[in-house]
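Content type compact mmCIF, C-alpha atoms, from the file work-v5.txt:
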```txt
# COMPACT_ATOMS: atom_id res chain seq x y z
CA MET T 206 110.29 54.14 91.46
CA THR T 207 109.93 57.32 93.48
CA THR T 208 112.66 59.93 93.38
CA PRO T 209 114.38 60.42 96.75
CA ARG T 210 113.83 63.81 98.34
CA GLY T 211 116.60 66.18 97.37
CA ALA T 212 117.83 63.93 94.52
CA ARG T 213 118.73 65.42 91.18
CA GLY T 214 115.64 65.89 89.05
CA ALA T 215 113.27 66.14 92.05
CA VAL T 216 110.60 68.81 91.83
CA PRO T 217 111.69 71.77 93.98
CA ARG T 218 109.49 72.65 96.92
CA HIS T 219 107.31 75.67 96.35
CA ASP T 220 108.26 78.63 98.54
CA ASP T 221 105.00 80.44 99.26
CA ARG T 222 106.83 83.34 100.88
CA ARG T 223 109.07 84.26 97.96
CA ARG T 224 107.80 85.38 94.58
CA SER T 225 109.70 86.77 91.60
CA PHE T 226 108.15 88.73 88.77
CA PRO T 227 109.67 89.34 85.35
CA GLN T 228 110.52 92.83 84.21
CA VAL T 229 107.36 94.87 83.71
CA ALA T 230 107.09 96.23 80.20
CA PRO T 231 106.96 100.04 79.87
CA ARG T 232 103.48 101.42 79.46
CA GLU T 233 101.86 104.80 79.20
CA ALA T 234 99.58 106.02 81.98
CA PRO T 235 97.13 108.51 80.41
CA ASP T 236 96.11 109.96 83.79
CA GLY T 237 99.69 110.20 85.06
CA ARG T 238 99.23 107.39 87.59
CA PHE T 239 101.12 104.13 87.76
CA ALA T 240 98.34 102.18 89.41
CA ALA T 241 94.74 101.47 88.49
CA THR T 242 93.44 100.22 91.87
CA TRP T 243 92.85 102.15 95.08
CA TRP T 244 95.35 100.00 96.97
CA GLY T 245 98.00 100.38 94.26
CA ASN T 246 97.63 104.17 94.36
CA ALA T 247 97.69 104.14 98.18
CA TRP T 248 101.04 102.30 98.01
CA VAL T 249 102.46 105.00 95.74
CA GLU T 250 101.04 107.79 97.91
CA ALA T 251 102.75 106.34 100.99
CA LEU T 252 106.13 106.85 99.31
CA GLU T 253 105.23 110.24 97.85
CA ASP T 254 103.96 111.55 101.19
CA ALA T 255 107.27 110.66 102.88
CA ALA T 256 109.56 111.80 100.03
CA LEU T 257 111.78 114.81 100.69
CA ASP T 258 112.52 115.68 97.05
CA PRO T 259 109.69 115.78 94.44
CA ALA T 260 112.29 116.04 91.66
CA ARG T 261 113.71 112.62 92.55
CA LEU T 262 110.19 111.18 92.51
CA ALA T 263 109.64 112.58 89.02
CA ARG T 264 112.89 111.02 87.79
CA GLY T 265 111.97 107.74 89.43
CA LYS T 266 108.58 107.74 87.75
CA ALA T 267 110.28 108.37 84.40
CA TYR T 268 112.73 105.50 85.05
CA ALA T 269 109.83 103.17 85.81
CA GLY T 270 107.97 104.29 82.70
CA ARG T 271 111.01 103.59 80.52
CA GLY T 272 111.44 100.07 81.91
CA HIS T 273 114.62 100.63 83.93
CA VAL T 274 113.46 98.23 86.68
CA ASP T 275 114.54 94.60 86.20
CA ALA T 276 112.78 91.54 87.67
CA ILE T 277 111.27 92.17 91.12
CA THR T 278 111.51 89.74 94.05
CA VAL T 279 109.02 90.02 96.92
CA THR T 280 109.51 88.41 100.35
CA PRO T 281 107.92 89.32 103.70
CA GLY T 282 108.83 92.90 104.51
CA ARG T 283 111.00 93.44 101.43
CA VAL T 284 110.77 94.27 97.70
CA VAL T 285 114.08 93.96 95.79
CA ALA T 286 115.14 94.63 92.19
CA TYR T 287 118.06 95.85 90.12
CA VAL T 288 117.42 99.29 88.62
CA HIS T 289 119.36 100.71 85.68
CA GLY T 290 120.63 104.26 86.05
CA SER T 291 123.16 106.44 84.27
CA ARG T 292 126.01 103.95 84.84
CA PRO T 293 126.44 100.65 82.96
CA ARG T 294 126.03 98.51 86.07
CA PRO T 295 122.54 98.49 87.63
CA TYR T 296 121.98 99.33 91.29
CA ARG T 297 120.56 96.91 93.84
CA THR T 298 117.47 98.64 95.21
CA GLU T 299 114.98 97.59 97.86
CA ILE T 300 111.93 98.83 99.71
CA ARG T 301 111.49 97.57 103.28
CA MET T 302 108.27 97.64 105.28
CA ARG T 303 106.93 96.28 108.55
CA THR T 304 105.20 92.91 108.49
CA LEU T 305 101.91 92.35 110.29
CA GLY T 306 102.06 90.60 113.64
CA ASP T 307 99.94 87.61 114.62
CA ASP T 308 97.22 89.86 116.08
CA GLY T 309 96.95 91.80 112.83
CA TRP T 310 96.61 88.62 110.79
CA GLU T 311 94.00 87.30 113.23
CA ARG T 312 91.92 90.44 112.68
CA PHE T 313 92.33 90.08 108.93
CA LEU T 314 91.29 86.42 108.91
CA ASP T 315 88.36 87.00 111.29
CA GLU T 316 87.04 89.93 109.26
CA THR T 317 87.46 88.12 105.95
CA THR T 318 85.80 84.91 107.16
CA ALA T 319 82.87 86.82 108.67
CA ARG T 320 81.92 88.20 105.24
CA PRO T 321 81.58 85.71 102.36
CA ASP T 322 81.66 88.63 99.93
CA HIS T 323 85.14 89.50 101.24
CA ILE T 324 86.44 86.03 100.37
CA ALA T 325 84.82 86.28 96.94
CA ALA T 326 86.43 89.69 96.38
CA LEU T 327 89.90 88.42 97.29
CA LEU T 328 89.54 85.44 94.98
CA ASP T 329 88.58 87.94 92.29
CA LYS T 330 91.80 89.88 92.98
CA ASP T 331 90.04 92.74 94.74
CA VAL T 332 90.67 94.21 98.21
CA PRO T 333 87.58 95.44 100.09
CA HIS T 334 88.08 98.77 101.87
CA ALA T 335 86.77 97.22 105.10
CA LEU T 336 89.77 94.86 105.33
CA GLU T 337 92.21 97.78 105.18
CA ALA T 338 90.23 99.65 107.85
CA VAL T 339 90.47 96.65 110.20
CA THR T 340 94.07 95.52 109.68
CA GLY T 341 96.12 98.39 108.27
CA LEU T 342 97.47 96.37 105.34
CA LEU T 343 98.55 99.43 103.40
CA PRO T 344 101.61 101.37 104.52
CA ALA T 345 101.24 104.71 106.25
CA PRO T 346 103.56 107.62 105.37
CA GLY T 347 107.01 106.70 106.64
CA ASP T 348 106.36 102.93 106.69
CA LEU T 349 108.21 102.36 103.39
CA VAL T 350 111.99 102.47 103.92
CA PRO T 351 114.00 102.73 100.67
CA ASP T 352 117.61 101.58 100.27
CA CYS T 353 119.86 101.58 97.22
CA SER T 354 123.50 100.85 96.37
CA CYS T 355 123.77 104.12 94.42
CA PRO T 356 125.71 107.09 95.90
CA ASP T 357 122.61 109.31 96.01
CA ASP T 358 121.51 109.90 99.62
CA GLY T 359 118.06 111.18 98.68
CA TYR T 360 115.01 109.88 100.50
CA PRO T 361 114.17 108.13 98.30
CA CYS T 362 116.67 108.13 95.44
CA LYS T 363 115.26 107.92 91.93
CA HIS T 364 116.04 104.18 91.70
CA ALA T 365 114.06 103.37 94.86
CA ALA T 366 111.22 105.58 93.63
CA ALA T 367 111.18 103.70 90.32
CA LEU T 368 110.99 100.36 92.15
CA CYS T 369 108.10 101.62 94.27
CA TYR T 370 106.16 102.76 91.20
CA GLN T 371 106.70 99.40 89.48
CA ALA T 372 105.68 97.52 92.64
CA ALA T 373 102.35 99.37 92.49
CA ARG T 374 101.71 97.71 89.13
CA LEU T 375 102.30 94.30 90.69
CA LEU T 376 99.77 95.13 93.40
CA ASP T 377 97.26 96.10 90.71
CA GLU T 378 97.56 92.69 89.10
CA ASP T 379 97.54 90.61 92.29
CA PRO T 380 96.69 91.96 95.78
CA PHE T 381 98.19 88.80 97.30
CA VAL T 382 101.55 90.45 96.56
CA LEU T 383 100.59 93.02 99.19
CA PHE T 384 99.78 90.26 101.67
CA LEU T 385 103.17 88.68 100.97
CA MET T 386 104.87 92.02 101.63
CA ARG T 387 103.08 92.07 104.98
CA GLY T 388 104.26 88.54 105.85
CA ARG T 389 101.87 85.82 104.58
CA GLY T 390 101.93 83.84 101.33
CA GLU T 391 98.91 83.29 99.08
CA GLN T 392 98.55 79.52 99.61
CA GLU T 393 99.01 79.92 103.35
CA LEU T 394 96.23 82.52 103.54
CA LEU T 395 93.84 80.63 101.29
CA ALA T 396 94.32 77.42 103.29
CA GLU T 397 93.57 79.21 106.57
CA LEU T 398 90.55 81.01 105.10
CA THR T 399 89.21 77.68 103.79
CA ARG T 400 89.62 76.07 107.21
CA ARG T 401 87.92 78.91 109.06
CA ASN T 402 85.12 79.18 106.54
CA ALA T 403 84.41 75.45 106.88
CA ALA T 404 84.37 75.70 110.68
CA LEU T 405 82.02 78.68 110.55
CA SER T 406 79.64 76.92 108.16
CA ALA T 407 79.57 73.84 110.43
CA ALA T 408 78.81 76.00 113.46
CA GLU T 409 75.97 77.78 111.67
CA THR T 410 74.30 74.51 110.68
CA THR T 411 74.38 73.13 114.21
CA ALA T 412 70.94 73.15 115.77
CA ALA T 413 70.54 76.00 118.21
CA ALA T 414 69.85 75.13 121.83
CA PRO T 415 66.38 76.06 123.14
CA PRO T 416 66.28 79.50 124.78
CA MET T 417 66.73 79.56 128.55
CA PRO T 418 64.01 81.12 130.69
CA THR T 419 64.78 84.66 131.82
CA VAL T 420 64.19 86.57 135.03
CA PRO T 421 64.47 90.36 135.31
CA ALA T 422 67.72 91.33 137.01
CA ARG T 423 65.92 93.80 139.28
CA ALA T 424 63.72 90.99 140.66
CA VAL T 425 66.77 88.86 141.45
CA PHE T 426 68.55 91.70 143.26
CA GLU T 427 65.45 92.60 145.28
CA ALA T 428 64.92 88.98 146.32
CA ALA T 429 68.58 88.64 147.31
CA GLU T 430 68.40 91.84 149.35
CA ARG T 431 65.28 90.64 151.21
CA ALA T 432 67.02 87.37 152.01
CA GLY T 433 70.14 89.16 153.28
CA LEU T 434 72.32 87.74 150.51
CA SER T 435 75.23 89.64 148.97
CA LEU T 436 75.42 90.30 145.27
CA PRO T 437 77.52 87.93 143.15
CA PRO T 438 80.96 89.16 142.04
CA PRO T 439 81.02 91.05 138.75
CA LEU T 440 81.78 89.17 135.57
CA SER T 441 85.39 89.16 134.37
CA PRO T 442 86.01 91.72 131.64
CA PRO T 443 86.72 90.37 128.14
CA ASP T 444 90.31 90.09 126.94
CA ARG T 445 89.80 92.64 124.18
CA PRO T 446 87.21 95.19 123.04
CA GLY T 447 84.20 93.89 121.16
CA ARG T 448 83.96 94.24 117.40
CA PRO T 449 81.54 96.81 116.01
CA ALA T 450 78.65 95.87 113.82
CA VAL T 451 79.11 95.72 110.05
CA PHE T 452 77.52 98.75 108.40
CA PRO T 453 76.39 98.01 104.82
CA PRO T 454 76.88 100.81 102.30
CA ASP T 455 73.79 102.95 101.85
CA PRO T 456 73.77 106.24 99.89
CA ASP T 457 71.20 107.69 102.33
CA ALA T 458 73.06 106.61 105.50
CA PRO T 459 76.08 108.19 107.24
CA ASP T 460 79.55 107.24 106.07
CA PRO T 461 80.04 103.56 107.10
CA LEU T 462 83.78 104.12 107.65
CA ALA T 463 83.04 106.96 110.09
CA LEU T 464 80.45 104.84 111.91
CA ASP T 465 82.87 101.92 112.15
CA LEU T 466 85.62 104.24 113.44
CA LEU T 467 83.37 105.78 116.11
CA ALA T 468 82.04 102.39 117.20
CA SER T 469 85.55 100.92 117.43
CA GLU T 470 86.76 103.93 119.42
CA ALA T 471 83.83 103.66 121.82
CA ALA T 472 84.44 99.94 122.35
CA ALA T 473 88.16 100.41 122.98
CA ARG T 474 87.58 103.33 125.37
CA ALA T 475 84.90 101.39 127.28
CA HIS T 476 87.17 98.35 127.56
CA VAL T 477 90.04 100.37 129.04
CA PHE T 478 87.67 102.06 131.49
CA LEU T 479 86.15 98.71 132.48
CA THR T 480 89.51 97.03 133.08
CA THR T 481 91.46 99.92 134.65
CA GLY T 482 88.88 102.38 135.94
CA HIS T 483 90.72 105.05 133.95
CA ASP T 484 89.43 106.90 130.90
CA PRO T 485 92.46 107.41 128.62
CA VAL T 486 90.76 110.17 126.63
CA ALA T 487 89.20 112.29 129.38
CA ALA T 488 92.32 114.39 130.01
CA LEU T 489 92.99 115.18 126.34
CA THR T 490 92.11 118.46 124.67
CA PRO T 491 89.90 118.31 121.55
CA TRP T 492 93.00 118.82 119.38
CA GLN T 493 94.96 116.06 121.13
CA ASP T 494 91.98 113.72 120.83
CA ALA T 495 91.63 114.48 117.11
CA VAL T 496 95.33 113.74 116.57
CA ARG T 497 95.06 110.52 118.60
CA LEU T 498 92.00 109.46 116.61
CA ALA T 499 93.68 110.05 113.25
CA ALA T 500 96.95 108.41 114.36
CA ALA T 501 95.20 105.29 115.64
CA HIS T 502 93.23 104.70 112.45
CA PRO T 503 94.98 102.18 110.12
CA GLY T 504 96.06 103.69 106.83
CA SER T 505 95.21 107.24 107.93
CA GLY T 506 95.54 109.75 105.11
CA LEU T 507 96.04 107.19 102.33
CA THR T 508 92.64 106.38 100.86
CA ALA T 509 89.90 108.79 99.83
CA SER T 510 87.89 107.93 102.94
CA THR T 511 90.75 108.51 105.36
CA ARG T 512 91.80 111.68 103.59
CA ALA T 513 88.25 112.86 104.20
CA LEU T 514 88.72 111.97 107.88
CA TYR T 515 91.82 114.20 108.03
CA ARG T 516 89.98 117.01 106.27
CA ASP T 517 86.93 116.85 108.53
CA LEU T 518 88.91 116.61 111.78
CA ALA T 519 91.19 119.48 110.77
CA TYR T 520 88.25 121.66 109.66
CA ALA T 521 86.40 121.07 112.94
CA LEU T 522 89.38 122.41 114.90
CA ASP T 523 90.34 125.26 112.53
CA ARG T 524 93.52 123.52 111.39
CA THR T 525 94.77 122.41 107.98
CA PRO T 526 95.11 118.75 106.89
CA THR T 527 98.88 119.35 106.76
CA ASP T 528 98.82 120.52 110.39
CA LEU T 529 96.99 117.31 111.31
CA ALA T 530 99.32 115.08 109.26
CA ARG T 531 102.38 116.62 110.97
CA ALA T 532 100.75 116.22 114.39
CA VAL T 533 99.89 112.58 113.60
CA ALA T 534 103.55 111.93 112.76
CA ALA T 535 104.53 113.44 116.13
CA TRP T 536 101.90 111.37 117.97
CA ARG T 537 103.12 108.16 116.33
CA GLN T 538 106.65 109.15 117.29
CA GLY T 539 105.94 109.71 120.99
CA GLY T 540 102.25 109.99 121.87
CA ALA T 541 101.08 113.06 123.78
CA ALA T 542 104.70 113.82 124.76
CA GLY T 543 105.72 113.74 121.09
CA LEU T 544 102.91 116.15 120.18
CA ALA T 545 104.06 118.52 122.94
CA VAL T 546 107.60 118.42 121.52
CA LEU T 547 106.21 119.41 118.11
CA GLU T 548 104.15 122.32 119.36
CA GLU T 549 105.79 123.65 122.55
CA PRO T 550 109.37 125.01 122.48
CA TRP T 551 110.79 125.48 126.00
CA ASP T 552 114.01 126.38 127.81
CA PRO T 553 115.61 123.25 129.28
CA PRO T 554 117.81 123.50 132.37
CA ALA T 555 121.56 123.11 132.11
CA GLY T 556 122.72 119.51 131.92
CA PRO T 557 121.66 117.02 129.24
CA PHE T 558 121.04 119.76 126.70
CA ASP T 559 124.47 121.33 127.19
CA ARG T 560 126.19 117.94 126.93
CA ALA T 561 124.40 117.02 123.68
CA ARG T 562 126.45 119.16 121.25
CA PRO T 563 129.89 117.86 122.37
CA ALA T 564 128.52 114.30 122.24
CA LEU T 565 127.31 114.79 118.65
CA ILE T 566 130.64 116.33 117.58
CA ALA T 567 132.53 113.43 119.18
CA ALA T 568 130.38 111.03 117.14
CA ASP T 569 131.43 112.83 113.90
CA PHE T 570 128.06 114.49 113.32
CA PRO T 571 127.93 118.04 111.92
CA ALA T 572 127.79 121.05 114.22
CA PHE T 573 124.28 121.85 115.47
CA ARG T 574 122.92 125.32 116.25
CA PRO T 575 121.08 125.60 119.60
CA TRP T 576 117.78 127.41 120.11
CA ARG T 577 115.77 126.81 123.25
CA ASN T 578 115.22 122.98 123.39
CA ARG T 579 116.31 122.43 119.76
CA LEU T 580 119.58 121.64 117.99
CA SER T 581 119.52 122.19 114.21
CA THR T 582 121.49 121.90 110.98
CA GLU T 583 120.14 122.85 107.56
CA SER T 584 118.09 119.64 107.27
CA LEU T 585 118.33 117.80 110.64
CA GLN T 586 117.02 118.72 114.05
CA LEU T 587 116.92 117.23 117.53
CA ARG T 588 114.38 118.40 120.11
CA LEU T 589 114.66 117.67 123.82
CA GLY T 590 111.28 116.79 125.33
CA ARG T 591 110.21 117.47 128.89
CA ASP T 592 110.29 113.68 129.35
CA GLY T 593 114.10 113.69 128.86
CA LEU T 594 113.97 112.07 125.41
CA TRP T 595 115.50 113.44 122.22
CA TYR T 596 113.16 113.53 119.20
CA GLY T 597 114.45 113.60 115.61
CA TYR T 598 113.12 115.93 112.90
CA GLU T 599 113.91 116.41 109.21
CA SER T 600 113.37 119.20 106.69
CA ASP T 601 114.42 120.08 103.17
CA ALA T 602 117.63 122.09 103.30
CA GLY T 603 116.98 125.80 103.64
CA ARG T 604 113.33 125.38 104.65
CA GLU T 605 111.79 125.57 108.11
CA ASP T 606 109.43 122.68 107.40
CA TRP T 607 110.29 120.22 110.16
CA TRP T 608 108.67 116.76 110.30
CA PRO T 609 109.09 114.16 113.07
CA ARG T 610 111.23 111.20 112.02
CA GLY T 611 112.72 108.18 113.82
CA ALA T 612 112.33 106.93 117.37
CA PRO T 613 112.98 109.08 120.47
CA ASP T 614 116.00 108.22 122.59
CA HIS T 615 117.57 109.32 125.88
CA ASP T 616 120.87 109.66 123.97
CA PRO T 617 120.99 112.41 121.28
CA VAL T 618 123.49 110.35 119.27
CA GLY T 619 121.11 107.37 119.33
CA ALA T 620 118.16 109.52 118.23
CA LEU T 621 120.16 111.01 115.34
CA THR T 622 121.50 107.60 114.31
CA ASP T 623 117.96 106.21 114.14
CA LEU T 624 116.84 109.28 112.17
CA LEU T 625 119.57 108.73 109.58
CA GLY T 626 119.02 104.96 109.47
CA ARG T 627 122.64 104.13 110.29
```

As a first step, turn the structure in this file into structure tokens.
Amino acid sequence: MTTPRGARGAVPRHDDRRRSFPQVAPREAPDGRFAATWWGNAWVEALEDAALDPARLARGKAYAGRGHVDAITVTPGRVVAYVHGSRPRPYRTEIRMRTLGDDGWERFLDETTARPDHIAALLDKDVPHALEAVTGLLPAPGDLVPDCSCPDDGYPCKHAAALCYQAARLLDEDPFVLFLMRGRGEQELLAELTRRNAALSAAETTAAAPPMPTVPARAVFEAAERAGLSLPPPLSPPDRPGRPAVFPPDPDAPDPLALDLLASEAAARAHVFLTTGHDPVAALTPWQDAVRLAAAHPGSGLTASTRALYRDLAYALDRTPTDLARAVAAWRQGGAAGLAVLEEPWDPPAGPFDRARPALIAADFPAFRPWRNRLSTESLQLRLGRDGLWYGYESDAGREDWWPRGAPDHDPVGALTDLLGR
């Protein structure tokens, strides 16, 4: 007799989008790292690059090494665990991140299916660099958002840092944990890859149609002109840019990542020009174009290859990699307008700027000091752009090391609220 669905004793349905992992045993890391794979270390670097207090990171790493992180639960966009601190009761800690949209997963599945060695690598618990370059699976600086029930308002606190370090160990053991963080479960992905791989194999075994005879285009146009016929309408442009060729690794060839980046950029630029008649890059200065290029590249600044991209672009324009990283953060915050806000202080006319300080005080925010288009405290800053938007910035207290944070807003209170994550 079959057991009715939902009856006592029935086998529970497997939830492919929720996985729990037992407490990771403490272990020593001889080289000081908590991860052994490139993607595990990239995950850690994303948190470290965005952290405002290195001392909290060090304490978090020590907590992770001493086994203070309990069982970890991973669901799309969220990593949750209880972390033991100095008090008897552990704190509920989580790391949030953006999940990939349908277009991102389509790129991932297309790229993986196109290369049998990519499927083999994933089944062997390995992540090819090419998949990260196409889809941006790994978080960029600022993509990881920590939260903790402890009273520490650090970004991140030591408990969130400990959870992030321990999560890197899970990624080392099983990269499908990373895919789950980004929104898709292991069985779901494997089923779709199997289906697409079967369809591709069937298409490749289908007999090819005989080639059609060809006629030079010039001969057709000349014949049409002699006959007084008008040219046919142009073909409709494709929906999206074409995909670049796959460049196999070769020690004697140029960097395949750089070639892929340049080819992708050329395809995207040509597609925009073809569909709009406008070249989106023509009006940019070399510096703006370098910032745009670095900001548009998935995972910029995380892996060895993309760190080399930052270094080379910065060197070519007589800037430092830190200058470029700060400019990339501004570009991601507001495009060319955001970069102008970073680099060009100006004197705004009376009006919105003068009304901002009373509005912030009325919303119970601390008093801000004005200077040109900027309002500042010891660690927070709002900058009014020429586009009428307020842009949030953050710095360590007592240091003039301002970094763009949050989303711009027409309302200074809204921009500051987004910056503080309220």

Can you tell me how far CA of Ala519 in chain T sits from CA of Ala488 in chain T, in Å to one decimal?
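Calculated distance between CA of Ala519 in chain T and CA of Ala488 in chain T is 19.9 Å.
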
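Shortest atom-to-atom contact with Leu328 in chain T among T:Leu349, T:Val279, T:Ala373, T:Leu395: T:Leu395, counting all atoms listed in the file.
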
Could you please give me, as an mmCIF file with C-alpha atoms, keeping the file's coordinate frame, the residues of protein, DNA or RNA lying at most 9 Å from (104.0, 118.1, 112.3) in the coordinate frame of the file, considering only C-alpha atoms?
```cif
data_model
loop_
_atom_site.group_PDB
_atom_site.id
_atom_site.type_symbol
_atom_site.label_atom_id
_atom_site.label_comp_id
_atom_site.auth_asym_id
_atom_site.auth_seq_id
_atom_site.Cartn_x
_atom_site.Cartn_y
_atom_site.Cartn_z
ATOM 1 C CA THR T 527 98.880 119.350 106.760
ATOM 2 C CA ASP T 528 98.820 120.520 110.390
ATOM 3 C CA LEU T 529 96.990 117.310 111.310
ATOM 4 C CA ALA T 530 99.320 115.080 109.260
ATOM 5 C CA ARG T 531 102.380 116.620 110.970
ATOM 6 C CA ALA T 532 100.750 116.220 114.390
ATOM 7 C CA VAL T 533 99.890 112.580 113.600
ATOM 8 C CA ALA T 534 103.550 111.930 112.760
ATOM 9 C CA ALA T 535 104.530 113.440 116.130
ATOM 10 C CA LEU T 544 102.910 116.150 120.180
ATOM 11 C CA LEU T 547 106.210 119.410 118.110
ATOM 12 C CA GLU T 548 104.150 122.320 119.360
ATOM 13 C CA ASP T 606 109.430 122.680 107.400
ATOM 14 C CA TRP T 607 110.290 120.220 110.160
ATOM 15 C CA TRP T 608 108.670 116.760 110.300
ATOM 16 C CA PRO T 609 109.090 114.160 113.070
#
```

As a check of understanding: the span from CA of Pro554 in chain T to CA of Arg537 in chain T is 26.6 Å

Coordinates-based distance that separates CA of Ala501 in chain T from CA of Tyr598 in chain T (Å, one decimal):
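Distance between the two atoms: 21.0 Å.
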
Polymer residues at most 9 Å from Asp552 in chain T, only C-alpha atoms, same-chain spacing of 6 or more positions, as a VMD selection string:
chain T and resid 576 to 578

Residues as selected, C-alpha atoms, written as an mmCIF file, in the coordinates of the input, can you do that?
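Result written to out22.cif:
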```
data_model
loop_
_atom_site.group_PDB
_atom_site.id
_atom_site.type_symbol
_atom_site.label_atom_id
_atom_site.label_comp_id
_atom_site.auth_asym_id
_atom_site.auth_seq_id
_atom_site.Cartn_x
_atom_site.Cartn_y
_atom_site.Cartn_z
ATOM 1 C CA TRP T 576 117.780 127.410 120.110
ATOM 2 C CA ARG T 577 115.770 126.810 123.250
ATOM 3 C CA ASN T 578 115.220 122.980 123.390
#
```

Could you tell me which of T:Glu253, T:Glu427, T:Glu391, T:Asp559 comes closest to Ala367 in chain T if we count all atoms listed in the file?
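Of the candidates, the smallest distance to Ala367 in chain T is held by T:Glu253.
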